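Structure below is protein_24.tsv: TSV, C-alpha atoms.
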chain	number	residue	atom	x	y	z
Z	1	MET	CA	7.84	29.70	-22.59
Z	2	LYS	CA	4.38	28.19	-22.57
Z	3	TYR	CA	4.29	24.39	-22.32
Z	4	ASP	CA	1.86	21.94	-23.82
Z	5	ILE	CA	1.69	20.04	-20.53
Z	6	ALA	CA	2.75	20.89	-16.98
Z	7	ILE	CA	2.92	18.00	-14.52
Z	8	ILE	CA	3.01	18.56	-10.77
Z	9	GLY	CA	4.69	15.72	-8.89
Z	10	GLY	CA	7.82	13.81	-9.86
Z	11	GLY	CA	6.99	10.41	-8.42
Z	12	PRO	CA	6.46	7.25	-10.50
Z	13	ALA	CA	3.11	8.42	-11.95
Z	14	GLY	CA	4.40	11.89	-12.80
Z	15	MET	CA	7.56	10.58	-14.44
Z	16	MET	CA	5.61	8.06	-16.50
Z	17	ALA	CA	3.10	10.74	-17.57
Z	18	ALA	CA	5.87	13.18	-18.50
Z	19	GLY	CA	7.87	10.62	-20.44
Z	20	ARG	CA	4.87	9.34	-22.38
Z	21	ALA	CA	3.68	12.86	-23.26
Z	22	GLY	CA	7.19	13.81	-24.35
Z	23	GLU	CA	7.43	10.65	-26.43
Z	24	LEU	CA	4.33	11.80	-28.32
Z	25	GLY	CA	5.94	15.15	-29.11
Z	26	ALA	CA	4.51	17.38	-26.39
Z	27	ARG	CA	6.55	20.12	-24.73
Z	28	VAL	CA	6.49	19.00	-21.11
Z	29	VAL	CA	7.62	20.43	-17.78
Z	30	LEU	CA	7.77	18.21	-14.69
Z	31	ILE	CA	7.63	20.05	-11.37
Z	32	GLU	CA	8.89	18.39	-8.17
Z	33	LYS	CA	9.08	19.97	-4.71
Z	34	ASN	CA	11.91	17.68	-3.55
Z	35	LYS	CA	15.56	17.99	-4.46
Z	36	ASN	CA	15.34	14.75	-6.46
Z	37	LEU	CA	12.74	12.84	-8.47
Z	38	GLY	CA	11.30	9.53	-7.29
Z	39	VAL	CA	12.01	9.90	-3.56
Z	40	LYS	CA	9.10	7.67	-2.53
Z	41	LEU	CA	9.78	5.18	-5.34
Z	42	LEU	CA	13.13	4.38	-3.73
Z	43	THR	CA	11.38	3.27	-0.52
Z	44	THR	CA	9.02	0.77	-2.16
Z	45	GLY	CA	9.50	-2.92	-1.52
Z	46	GLY	CA	12.03	-2.17	1.18
Z	47	GLY	CA	14.24	-0.51	-1.42
Z	48	ARG	CA	13.85	-3.44	-3.83
Z	49	CYS	CA	10.88	-1.87	-5.66
Z	50	ASN	CA	7.89	-4.19	-6.03
Z	51	LEU	CA	7.20	-3.00	-9.58
Z	52	THR	CA	3.87	-4.65	-10.24
Z	53	ASN	CA	1.90	-7.84	-9.86
Z	54	LYS	CA	1.89	-10.27	-12.77
Z	55	ILE	CA	-1.86	-10.56	-13.19
Z	56	SER	CA	-2.45	-10.46	-16.94
Z	57	ASP	CA	-6.24	-10.01	-16.88
Z	58	PRO	CA	-7.18	-6.37	-16.16
Z	59	LYS	CA	-10.49	-7.44	-14.63
Z	60	GLN	CA	-8.73	-9.75	-12.16
Z	61	MET	CA	-6.41	-6.95	-11.12
Z	62	ALA	CA	-9.27	-4.46	-10.85
Z	63	VAL	CA	-11.04	-6.78	-8.38
Z	64	LYS	CA	-8.15	-6.24	-5.95
Z	65	PHE	CA	-9.27	-2.61	-5.62
Z	66	GLU	CA	-12.80	-3.62	-4.60
Z	67	GLN	CA	-15.55	-1.05	-5.32
Z	68	LYS	CA	-13.17	1.39	-7.01
Z	69	GLY	CA	-11.70	-1.31	-9.23
Z	70	LYS	CA	-14.04	-0.72	-12.17
Z	71	PHE	CA	-12.36	2.66	-12.68
Z	72	LEU	CA	-9.12	0.85	-13.54
Z	73	ILE	CA	-10.33	-1.67	-16.11
Z	74	SER	CA	-10.09	0.57	-19.18
Z	75	PRO	CA	-6.68	2.05	-18.25
Z	76	LEU	CA	-5.24	-1.40	-17.48
Z	77	TYR	CA	-6.18	-2.61	-20.96
Z	78	LYS	CA	-4.06	0.24	-22.35
Z	79	PHE	CA	-1.06	-0.17	-20.07
Z	80	GLY	CA	-1.04	-3.03	-17.59
Z	81	PRO	CA	1.60	-5.19	-15.90
Z	82	GLU	CA	2.78	-6.86	-19.11
Z	83	GLU	CA	3.27	-3.47	-20.78
Z	84	MET	CA	5.20	-2.14	-17.78
Z	85	ILE	CA	7.50	-5.15	-17.65
Z	86	ALA	CA	8.09	-4.82	-21.40
Z	87	PHE	CA	8.76	-1.07	-20.99
Z	88	LEU	CA	11.52	-1.78	-18.47
Z	89	GLU	CA	13.05	-4.78	-20.21
Z	90	LYS	CA	13.20	-2.90	-23.52
Z	91	ARG	CA	15.34	-0.34	-21.69
Z	92	GLY	CA	17.67	-2.96	-20.24
Z	93	LEU	CA	16.17	-3.76	-16.85
Z	94	LYS	CA	15.58	-7.47	-16.26
Z	95	THR	CA	12.77	-8.41	-13.91
Z	96	LYS	CA	11.91	-11.45	-11.79
Z	97	THR	CA	8.66	-12.82	-10.40
Z	98	GLU	CA	8.51	-13.92	-6.78
Z	99	ALA	CA	5.82	-15.39	-4.49
Z	100	ASN	CA	2.26	-14.19	-5.06
Z	101	GLN	CA	3.14	-12.93	-8.55
Z	102	ARG	CA	5.13	-9.98	-7.21
Z	103	VAL	CA	7.52	-8.51	-9.77
Z	104	PHE	CA	10.89	-6.98	-8.81
Z	105	PRO	CA	13.98	-5.79	-10.68
Z	106	ALA	CA	16.36	-8.73	-11.02
Z	107	SER	CA	18.96	-6.47	-9.39
Z	108	ASN	CA	16.73	-5.88	-6.32
Z	109	LYS	CA	17.51	-2.16	-6.67
Z	110	ALA	CA	14.83	0.54	-6.86
Z	111	THR	CA	17.61	2.90	-7.99
Z	112	ASP	CA	17.84	0.96	-11.27
Z	113	VAL	CA	14.15	1.63	-11.95
Z	114	LEU	CA	14.59	5.33	-11.20
Z	115	LYS	CA	17.55	5.58	-13.59
Z	116	ILE	CA	15.45	4.20	-16.43
Z	117	LEU	CA	12.64	6.67	-15.77
Z	118	ILE	CA	15.02	9.63	-15.61
Z	119	ASN	CA	16.65	8.55	-18.87
Z	120	TYR	CA	13.15	8.27	-20.38
Z	121	LEU	CA	12.51	11.90	-19.43
Z	122	LYS	CA	15.84	13.04	-20.84
Z	123	GLU	CA	15.36	11.12	-24.07
Z	124	PHE	CA	12.16	13.03	-24.85
Z	125	LYS	CA	13.43	16.39	-23.60
Z	126	VAL	CA	11.17	16.82	-20.58
Z	127	ASN	CA	12.09	19.99	-18.70
Z	128	ILE	CA	12.62	18.96	-15.07
Z	129	LYS	CA	12.26	21.48	-12.24
Z	130	THR	CA	13.21	20.21	-8.78
Z	131	ASN	CA	13.13	22.14	-5.50
Z	132	ALA	CA	10.06	23.72	-7.06
Z	133	LYS	CA	7.11	24.02	-4.71
Z	134	VAL	CA	3.76	25.12	-6.07
Z	135	LYS	CA	2.30	28.06	-4.17
Z	136	LYS	CA	-0.84	28.81	-6.15
Z	137	ILE	CA	-3.04	27.45	-8.95
Z	138	ILE	CA	-4.61	30.14	-11.15
Z	139	LYS	CA	-7.92	29.23	-12.77
Z	140	ASN	CA	-9.62	31.27	-15.49
Z	141	LYS	CA	-13.21	30.34	-16.33
Z	142	ASN	CA	-13.16	26.53	-16.43
Z	143	LYS	CA	-9.46	26.05	-17.10
Z	144	ILE	CA	-6.21	26.20	-15.18
Z	145	GLU	CA	-4.29	29.09	-16.68
Z	146	LYS	CA	-0.98	28.84	-14.85
Z	147	ILE	CA	0.73	27.80	-11.64
Z	148	ILE	CA	2.87	30.02	-9.47
Z	149	LEU	CA	5.87	28.56	-7.65
Z	150	GLU	CA	7.16	29.71	-4.28
Z	151	ASN	CA	10.06	31.46	-6.01
Z	152	ARG	CA	7.40	33.47	-7.91
Z	153	GLU	CA	8.11	31.75	-11.22
Z	154	GLU	CA	4.95	31.40	-13.30
Z	155	ILE	CA	4.39	28.33	-15.45
Z	156	GLU	CA	1.76	28.42	-18.18
Z	157	ALA	CA	0.53	25.36	-20.05
Z	158	ASP	CA	-2.39	24.16	-22.14
Z	159	LYS	CA	-2.86	21.02	-20.03
Z	160	PHE	CA	-2.03	20.17	-16.43
Z	161	ILE	CA	-1.56	16.78	-14.74
Z	162	PHE	CA	-1.78	16.40	-10.97
Z	163	SER	CA	0.39	13.51	-9.77
Z	164	VAL	CA	1.14	14.92	-6.34
Z	165	GLY	CA	0.50	11.76	-4.30
Z	166	GLY	CA	-1.53	11.63	-1.10
Z	167	LYS	CA	-0.50	12.16	2.51
Z	168	SER	CA	1.42	8.95	3.26
Z	169	TYR	CA	5.14	9.20	4.04
Z	170	PRO	CA	5.02	13.02	4.39
Z	171	GLN	CA	8.80	12.99	4.79
Z	172	THR	CA	8.98	12.18	1.05
Z	173	GLY	CA	6.97	15.31	0.17
Z	174	SER	CA	3.45	13.81	0.12
Z	175	THR	CA	1.72	16.37	2.32
Z	176	GLY	CA	-1.78	16.39	0.83
Z	177	ASP	CA	-1.49	19.71	-1.05
Z	178	GLY	CA	-3.46	18.31	-3.96
Z	179	TYR	CA	-6.66	17.89	-1.96
Z	180	ASP	CA	-6.85	21.61	-1.15
Z	181	TRP	CA	-6.13	22.55	-4.76
Z	182	LEU	CA	-8.85	20.22	-6.02
Z	183	ARG	CA	-11.46	21.55	-3.58
Z	184	ALA	CA	-10.67	25.08	-4.74
Z	185	LEU	CA	-11.04	23.95	-8.36
Z	186	GLY	CA	-14.49	22.49	-7.70
Z	187	HIS	CA	-13.77	18.80	-7.18
Z	188	THR	CA	-15.51	16.82	-4.43
Z	189	ILE	CA	-13.04	15.24	-2.00
Z	190	VAL	CA	-13.62	12.13	0.11
Z	191	SER	CA	-11.70	12.68	3.35
Z	192	PRO	CA	-8.32	10.96	3.00
Z	193	LYS	CA	-7.06	8.42	5.54
Z	194	PRO	CA	-3.89	6.31	5.85
Z	195	SER	CA	-4.00	2.89	4.22
Z	196	LEU	CA	-1.65	-0.08	4.12
Z	197	THR	CA	-0.41	1.00	7.49
Z	198	PRO	CA	0.63	-0.77	10.69
Z	199	ILE	CA	-1.94	-0.91	13.46
Z	200	VAL	CA	-1.62	0.16	17.09
Z	201	LEU	CA	-2.96	-2.29	19.67
Z	202	LYS	CA	-4.29	-1.70	23.20
Z	203	GLU	CA	-2.58	-4.57	25.03
Z	204	LYS	CA	0.36	-3.47	27.20
Z	205	PHE	CA	2.27	-6.72	26.64
Z	206	ILE	CA	2.72	-5.90	22.92
Z	207	LYS	CA	5.96	-4.10	23.75
Z	208	ASP	CA	7.41	-7.42	24.96
Z	209	LEU	CA	6.71	-8.99	21.56
Z	210	GLU	CA	8.47	-6.30	19.52
Z	211	GLY	CA	10.40	-7.83	16.62
Z	212	LEU	CA	8.60	-11.20	16.75
Z	213	SER	CA	8.11	-12.25	13.12
Z	214	LEU	CA	5.29	-14.63	12.20
Z	215	LYS	CA	5.93	-16.46	8.93
Z	216	ASP	CA	2.55	-18.10	8.31
Z	217	VAL	CA	-0.44	-17.08	10.38
Z	218	GLU	CA	-4.12	-16.52	9.73
Z	219	ILE	CA	-5.56	-13.26	11.04
Z	220	LYS	CA	-9.26	-12.36	11.18
Z	221	LEU	CA	-10.64	-8.86	11.63
Z	222	TYR	CA	-13.87	-8.36	13.59
Z	223	LYS	CA	-15.99	-5.24	14.05
Z	224	ASN	CA	-18.75	-5.32	16.64
Z	225	ASN	CA	-18.33	-9.11	16.84
Z	226	LYS	CA	-18.86	-9.48	13.09
Z	227	LYS	CA	-16.12	-11.05	10.97
Z	228	ILE	CA	-15.06	-8.53	8.32
Z	229	GLU	CA	-11.94	-9.97	6.68
Z	230	ILE	CA	-9.55	-12.90	6.86
Z	231	LYS	CA	-5.95	-12.97	5.59
Z	232	ARG	CA	-3.08	-15.44	5.76
Z	233	GLY	CA	0.64	-14.80	5.48
Z	234	GLU	CA	3.41	-12.90	7.27
Z	235	ALA	CA	3.11	-10.42	10.15
Z	236	ILE	CA	5.42	-8.85	12.70
Z	237	PHE	CA	4.96	-7.28	16.13
Z	238	THR	CA	6.13	-3.68	16.56
Z	239	SER	CA	6.71	-1.65	19.72
Z	240	ASP	CA	3.06	-0.59	19.82
Z	241	GLY	CA	1.18	-3.00	17.55
Z	242	MET	CA	1.64	-5.06	14.41
Z	243	SER	CA	2.80	-4.68	10.81
Z	244	GLY	CA	3.72	-6.95	7.90
Z	245	PRO	CA	1.84	-7.88	4.70
Z	246	VAL	CA	-1.23	-9.43	6.38
Z	247	ILE	CA	-1.70	-6.49	8.75
Z	248	LEU	CA	-1.14	-3.88	6.04
Z	249	ASP	CA	-3.81	-5.49	3.89
Z	250	LEU	CA	-6.24	-5.73	6.81
Z	251	SER	CA	-5.65	-2.05	7.61
Z	252	ARG	CA	-7.68	-1.13	4.52
Z	253	LYS	CA	-10.77	-2.33	6.43
Z	254	ILE	CA	-9.84	-0.86	9.83
Z	255	SER	CA	-11.28	2.47	10.91
Z	256	GLY	CA	-9.38	2.68	14.18
Z	257	GLY	CA	-12.60	3.13	16.11
Z	258	ASN	CA	-13.98	1.11	19.00
Z	259	ASN	CA	-15.00	-2.55	18.95
Z	260	GLU	CA	-12.39	-3.70	16.43
Z	261	ILE	CA	-10.36	-6.79	17.27
Z	262	ILE	CA	-8.07	-9.18	15.45
Z	263	LYS	CA	-7.80	-12.92	16.12
Z	264	ILE	CA	-4.53	-14.65	15.27
Z	265	ASP	CA	-4.39	-18.35	14.43
Z	266	PHE	CA	-0.77	-19.37	15.00
Z	267	ILE	CA	-1.41	-22.92	13.72
Z	268	PRO	CA	-3.61	-22.36	10.63
Z	269	ASP	CA	-2.91	-25.76	9.05
Z	270	LEU	CA	-4.44	-27.70	11.95
Z	271	ASP	CA	-8.04	-27.67	13.08
Z	272	PRO	CA	-8.61	-27.68	16.87
Z	273	SER	CA	-9.08	-31.47	17.12
Z	274	ASP	CA	-5.88	-32.30	15.20
Z	275	PHE	CA	-4.03	-29.64	17.15
Z	276	GLU	CA	-5.20	-31.24	20.39
Z	277	LYS	CA	-3.83	-34.62	19.26
Z	278	ASN	CA	-0.44	-33.03	18.61
Z	279	ILE	CA	-0.46	-31.39	22.03
Z	280	LEU	CA	-1.39	-34.65	23.77
Z	281	GLN	CA	1.43	-36.48	21.99
Z	282	SER	CA	3.91	-33.79	23.04
Z	283	PHE	CA	2.69	-33.94	26.62
Z	284	GLN	CA	3.05	-37.74	26.67
Z	285	ARG	CA	6.58	-37.63	25.24
Z	286	GLY	CA	7.59	-34.91	27.70
Z	287	ASN	CA	5.53	-36.20	30.57
Z	288	ASN	CA	7.92	-34.92	33.23
Z	289	LYS	CA	9.00	-31.74	31.44
Z	290	LEU	CA	7.92	-28.24	32.36
Z	291	PHE	CA	4.81	-27.06	30.52
Z	292	LYS	CA	6.56	-23.88	29.39
Z	293	ASN	CA	9.33	-25.89	27.71
Z	294	ILE	CA	6.88	-28.08	25.79
Z	295	LEU	CA	5.19	-24.93	24.54
Z	296	LEU	CA	8.29	-24.32	22.38
Z	297	ASN	CA	6.86	-26.97	20.01
Z	298	PHE	CA	3.86	-24.79	19.28
Z	299	ALA	CA	4.72	-21.14	19.88
Z	300	PRO	CA	7.66	-18.72	19.50
Z	301	SER	CA	9.76	-18.34	22.66
Z	302	LYS	CA	8.88	-14.63	22.97
Z	303	LEU	CA	5.20	-15.50	23.16
Z	304	ILE	CA	5.48	-18.19	25.84
Z	305	PRO	CA	5.62	-15.94	28.95
Z	306	ILE	CA	2.51	-14.14	27.69
Z	307	ILE	CA	0.67	-17.41	27.02
Z	308	ILE	CA	1.48	-18.67	30.51
Z	309	ASN	CA	0.33	-15.39	32.03
Z	310	LEU	CA	-2.92	-15.32	30.04
Z	311	LEU	CA	-3.67	-18.95	30.92
Z	312	LYS	CA	-2.78	-18.27	34.58
Z	313	ILE	CA	-0.62	-21.40	34.66
Z	314	GLY	CA	2.39	-21.47	36.97
Z	315	PRO	CA	5.70	-21.34	35.03
Z	316	ASP	CA	6.99	-24.40	36.93
Z	317	LYS	CA	3.97	-26.59	36.30
Z	318	LYS	CA	4.82	-29.88	34.59
Z	319	ALA	CA	3.12	-31.23	31.48
Z	320	ASN	CA	1.61	-34.21	33.30
Z	321	MET	CA	-0.17	-31.81	35.65
Z	322	ILE	CA	-1.97	-29.83	32.93
Z	323	THR	CA	-5.73	-30.34	33.17
Z	324	LYS	CA	-8.09	-30.95	30.26
Z	325	GLU	CA	-9.58	-27.48	30.76
Z	326	GLU	CA	-6.11	-25.88	30.65
Z	327	ARG	CA	-5.29	-27.83	27.49
Z	328	LYS	CA	-8.53	-26.63	25.84
Z	329	SER	CA	-7.73	-23.06	26.88
Z	330	LEU	CA	-4.27	-23.35	25.33
Z	331	ILE	CA	-5.73	-24.59	22.03
Z	332	ASN	CA	-8.25	-21.77	21.96
Z	333	LEU	CA	-5.57	-19.19	22.76
Z	334	LEU	CA	-3.24	-20.30	19.97
Z	335	LYS	CA	-6.09	-20.64	17.47
Z	336	ASN	CA	-7.86	-17.42	18.52
Z	337	PHE	CA	-5.31	-15.04	20.04
Z	338	ILE	CA	-7.40	-11.91	20.54
Z	339	LEU	CA	-5.93	-8.39	20.33
Z	340	GLU	CA	-7.85	-5.12	20.50
Z	341	VAL	CA	-7.23	-2.44	17.85
Z	342	LYS	CA	-6.55	1.05	19.19
Z	343	GLU	CA	-5.91	2.96	15.97
Z	344	LEU	CA	-4.14	3.03	12.62
Z	345	ALA	CA	-0.49	4.02	12.86
Z	346	GLY	CA	-0.88	7.20	10.76
Z	347	TYR	CA	0.42	8.77	7.57
Z	348	ASN	CA	4.07	8.72	8.57
Z	349	ARG	CA	4.00	4.90	8.56
Z	350	ALA	CA	1.35	4.34	5.85
Z	351	MET	CA	2.31	3.11	2.39
Z	352	ILE	CA	-0.57	4.85	0.61
Z	353	THR	CA	-3.58	7.12	1.14
Z	354	SER	CA	-7.22	6.24	0.54
Z	355	GLY	CA	-9.86	8.86	-0.19
Z	356	GLY	CA	-9.36	11.78	-2.55
Z	357	PRO	CA	-11.37	13.07	-5.52
Z	358	VAL	CA	-14.71	11.40	-6.22
Z	359	LEU	CA	-13.94	9.11	-9.17
Z	360	THR	CA	-17.23	9.83	-10.97
Z	361	GLU	CA	-15.80	13.32	-11.58
Z	362	ILE	CA	-12.93	11.82	-13.62
Z	363	ASP	CA	-13.03	10.09	-17.03
Z	364	SER	CA	-11.28	6.76	-16.42
Z	365	ARG	CA	-10.52	6.32	-20.14
Z	366	THR	CA	-8.36	9.45	-20.24
Z	367	MET	CA	-7.77	10.46	-16.58
Z	368	LYS	CA	-9.29	13.83	-17.51
Z	369	SER	CA	-11.29	15.86	-15.03
Z	370	LYS	CA	-14.99	16.33	-15.77
Z	371	ILE	CA	-14.92	19.50	-13.66
Z	372	VAL	CA	-11.87	21.36	-15.01
Z	373	ASP	CA	-11.43	21.33	-18.79
Z	374	ASN	CA	-7.64	20.96	-18.95
Z	375	LEU	CA	-6.84	18.93	-15.83
Z	376	TYR	CA	-5.73	15.26	-15.66
Z	377	PHE	CA	-4.88	12.91	-12.79
Z	378	ALA	CA	-2.27	10.24	-12.16
Z	379	GLY	CA	-1.12	8.12	-9.26
Z	380	GLU	CA	-1.92	8.03	-5.58
Z	381	ILE	CA	-3.95	11.26	-5.61
Z	382	LEU	CA	-6.76	9.14	-7.13
Z	383	GLY	CA	-7.13	7.15	-3.88
Z	384	LEU	CA	-7.18	3.76	-5.64
Z	385	ASN	CA	-5.74	1.83	-2.73
Z	386	GLY	CA	-5.12	-1.84	-3.40
Z	387	PRO	CA	-3.40	-4.55	-1.35
Z	388	THR	CA	0.33	-5.01	-0.99
Z	389	GLY	CA	2.14	-6.88	-3.74
Z	390	GLY	CA	2.84	-4.33	-6.49
Z	391	TYR	CA	-0.76	-3.33	-7.19
Z	392	ASN	CA	-0.47	0.29	-6.08
Z	393	LEU	CA	2.71	0.96	-8.02
Z	394	GLN	CA	1.00	-0.45	-11.11
Z	395	VAL	CA	-1.73	2.16	-10.59
Z	396	CYS	CA	0.97	4.81	-10.88
Z	397	TRP	CA	2.41	3.35	-14.10
Z	398	THR	CA	-1.04	2.82	-15.63
Z	399	THR	CA	-2.68	6.13	-14.78
Z	400	GLY	CA	0.53	8.05	-15.50
Z	401	TYR	CA	0.83	6.51	-18.96
Z	402	VAL	CA	-2.84	7.10	-19.79
Z	403	ALA	CA	-2.85	10.69	-18.46
Z	404	GLY	CA	0.34	11.58	-20.34
Z	405	GLU	CA	-0.89	10.02	-23.56
Z	406	SER	CA	-4.36	11.55	-23.34
Z	407	ALA	CA	-3.08	15.05	-22.56
Z	408	ALA	CA	-0.53	14.87	-25.38
Z	409	LYS	CA	-3.03	13.64	-27.95
Z	410	MET	CA	-5.59	16.29	-26.96
Z	411	ARG	CA	-3.16	19.19	-26.76
Z	412	ASP	CA	-4.41	20.71	-29.99
Z	413	ASN	CA	-8.04	20.55	-28.89

Could you render the structure as structure tokens?
Amino acid sequence: MKYDIAIIGGGPAGMMAAGRAGELGARVVLIEKNKNLGVKLLTTGGGRCNLTNKISDPKQMAVKFEQKGKFLISPLYKFGPEEMIAFLEKRGLKTKTEANQRVFPASNKATDVLKILINYLKEFKVNIKTNAKVKKIIKNKNKIEKIILENREEIEADKFIFSVGGKSYPQTGSTGDGYDWLRALGHTIVSPKPSLTPIVLKEKFIKDLEGLSLKDVEIKLYKNNKKIEIKRGEAIFTSDGMSGPVILDLSRKISGGNNEIIKIDFIPDLDPSDFEKNILQSFQRGNNKLFKNILLNFAPSKLIPIIINLLKIGPDKKANMITKEERKSLINLLKNFILEVKELAGYNRAMITSGGPVLTEIDSRTMKSKIVDNLYFAGEILGLNGPTGGYNLQVCWTTGYVAGESAAKMRDN
């Protein structure tokens, strides 16, 4: 059987593309290398599935993707956050909006989202092939003619959609196969790198801070002594560095090279002078207390031994013995806690991949390749890495919908 559309990759973008194309009457086959569809989808939002971000203006959402954002404006007008929420609620899944406009299933279950997508595929008779790994792409002239699976099965189609993901979370099947296929087909590839990933730090004391969660801190990124980015929110120390929303967002600007540092402000609501007043008041109230015990008013207990060590203050020194210079050093340390970046944590801990095909070689209105006549794109393979908060999953819904619709409507051309 020859299909109208063959889609490689059964993640959120591939499922959306397949369902939409099937809805428009196309004969569709969805090919997934894993045993099940949506393996990576189930990991999003800590298993809760941060579906999207409730920004209604496509231009405002596109800005979150920086230079590449313009590519998304047209697709978002066709199928944006409001359309995705309506898509799910029409099929019985209630949603809720949390802090920073993040949208989740009301049930907090990514499995509920996956069920809806699988039912969408079944409703429009999409042929699903799992445990099906692509071995070879056969091109004839300027078109893909067929794909050959590892079991030697050949699949022919008029149109093909690549929704194979990037290289992040390789344990879910995202191993970067698509980049090699695209190079062979004539596309230009920007070298991929992990994005939205934890960072590894050089300081040896980081291990002692493992598990320390910071609820509201301000973190600045510097390269060669130049301030690059500033973010405020939650972060957490890991065994070898840091993670959490603020760090993941900053990682988009980190190369992992030399001369990159972060500065943490543990007290972002107070400027240094007001902070000093608070410290003086605490010292006066606890005049005869140990300095390290008064520090509990300003810093997490796990951090205190490190602060004392960095300040070179004896652990048994009392508050009334702290000098003005030591007090100033404490303020500077808690307002500018400097840590040196060693590297990005890597693909196995990254949420998404940046890089990929050069976007000028793709028509953003249709997701169609300008290099290969019958090829379309959807999802993470595009390298449209945005911040945390549902933006990247919305890219999957949006580009999947547009690619599926465009390929289905052009299948007679």

Mind giving me the straight-line distance from CA of Leu72 (chain Z) to CA of Arg20 (chain Z) in Å, one decimal?
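Value for the CA of Leu72 (chain Z)-CA of Arg20 (chain Z) distance: 18.6 Å.
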
What is the CA of Ala299 (chain Z)-CA of Glu229 (chain Z) distance in Å, reported with one decimal?
24.0 Å

Quick one: residues within 10 Å of region 98-108 of chain Z, only C-alpha atoms counted, chain neighbours fewer than 6 positions away excluded, as a VMD selection string?
chain Z and resid 45 to 55 81 85 88 to 89 388 to 391

Which residues of region 295-374 of chain Z sit at most 7 Å from region 186-210 of chain Z, using only C-alpha atoms? Give each one's shortest atom pair and distance in Å (one decimal place), in chain and ascending residue order, as a tab-separated table.
residue	atom	partner	partner_atom	distance
Z:Lys302	CA	Z:Leu209	CA	6.2
Z:Leu303	CA	Z:Leu209	CA	6.9
Z:Leu339	CA	Z:Leu201	CA	6.8
Z:Glu340	CA	Z:Lys202	CA	5.6
Z:Val341	CA	Z:Leu201	CA	4.6
Z:Lys342	CA	Z:Leu201	CA	4.9
Z:Glu343	CA	Z:Val200	CA	5.2
Z:Leu344	CA	Z:Ile199	CA	4.6
Z:Ala345	CA	Z:Ile199	CA	5.2
Z:Gly346	CA	Z:Pro194	CA	5.8
Z:Tyr347	CA	Z:Pro194	CA	5.3
Z:Arg349	CA	Z:Thr197	CA	6.0
Z:Ala350	CA	Z:Thr197	CA	4.1
Z:Met351	CA	Z:Leu196	CA	5.4
Z:Ile352	CA	Z:Ser195	CA	5.4
Z:Thr353	CA	Z:Pro194	CA	4.8
Z:Ser354	CA	Z:Pro192	CA	5.4
Z:Gly355	CA	Z:Pro192	CA	4.1
Z:Gly356	CA	Z:Val190	CA	5.0
Z:Pro357	CA	Z:Ile189	CA	4.5
Z:Val358	CA	Z:Thr188	CA	5.8
Z:Ile371	CA	Z:His187	CA	6.6

Considering all atoms listed in the file, return as a PDB file with C-alpha atoms, in the coordinates of the input whatever protein or nucleic-acid residues lie within 12 Å of Arg152 (chain Z), sequence-local ones (same chain, fewer than 6 positions apart) excluded.
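As a result, result03.pdb now contains:
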ATOM      1  CA  ALA Z 132      10.060  23.720  -7.060  1.00  0.00           C
ATOM      2  CA  LYS Z 133       7.110  24.020  -4.710  1.00  0.00           C
ATOM      3  CA  VAL Z 134       3.760  25.120  -6.070  1.00  0.00           C
ATOM      4  CA  LYS Z 135       2.300  28.060  -4.170  1.00  0.00           C
ATOM      5  CA  LYS Z 136      -0.840  28.810  -6.150  1.00  0.00           C
ATOM      6  CA  LYS Z 146      -0.980  28.840 -14.850  1.00  0.00           C
TER       7      LYS Z 146
END

So which residues touch Thr130 (chain Z) within 8 Å, counting only C-alpha atoms, skipping near sequence neighbours fewer than 3 positions away, as an MDAnalysis selection string?
chainID Z and resid 31:37

Using C-alpha atoms, can you write the selected residues to a file as an mmCIF file, keeping the file's coordinate frame?
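Result file result32.cif:
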data_model
loop_
_atom_site.group_PDB
_atom_site.id
_atom_site.type_symbol
_atom_site.label_atom_id
_atom_site.label_comp_id
_atom_site.auth_asym_id
_atom_site.auth_seq_id
_atom_site.Cartn_x
_atom_site.Cartn_y
_atom_site.Cartn_z
ATOM 1 C CA ILE Z 31 7.630 20.050 -11.370
ATOM 2 C CA GLU Z 32 8.890 18.390 -8.170
ATOM 3 C CA LYS Z 33 9.080 19.970 -4.710
ATOM 4 C CA ASN Z 34 11.910 17.680 -3.550
ATOM 5 C CA LYS Z 35 15.560 17.990 -4.460
ATOM 6 C CA ASN Z 36 15.340 14.750 -6.460
ATOM 7 C CA LEU Z 37 12.740 12.840 -8.470
#

From (-0.1, 5.7, -16.9), in the file's coordinates, out to 9 Å: which residues are reached, counting only C-alpha atoms? Answer as a ChimeraX atom specification.
/Z:13-14,16-17,20,75-76,78-80,378-379,394-405
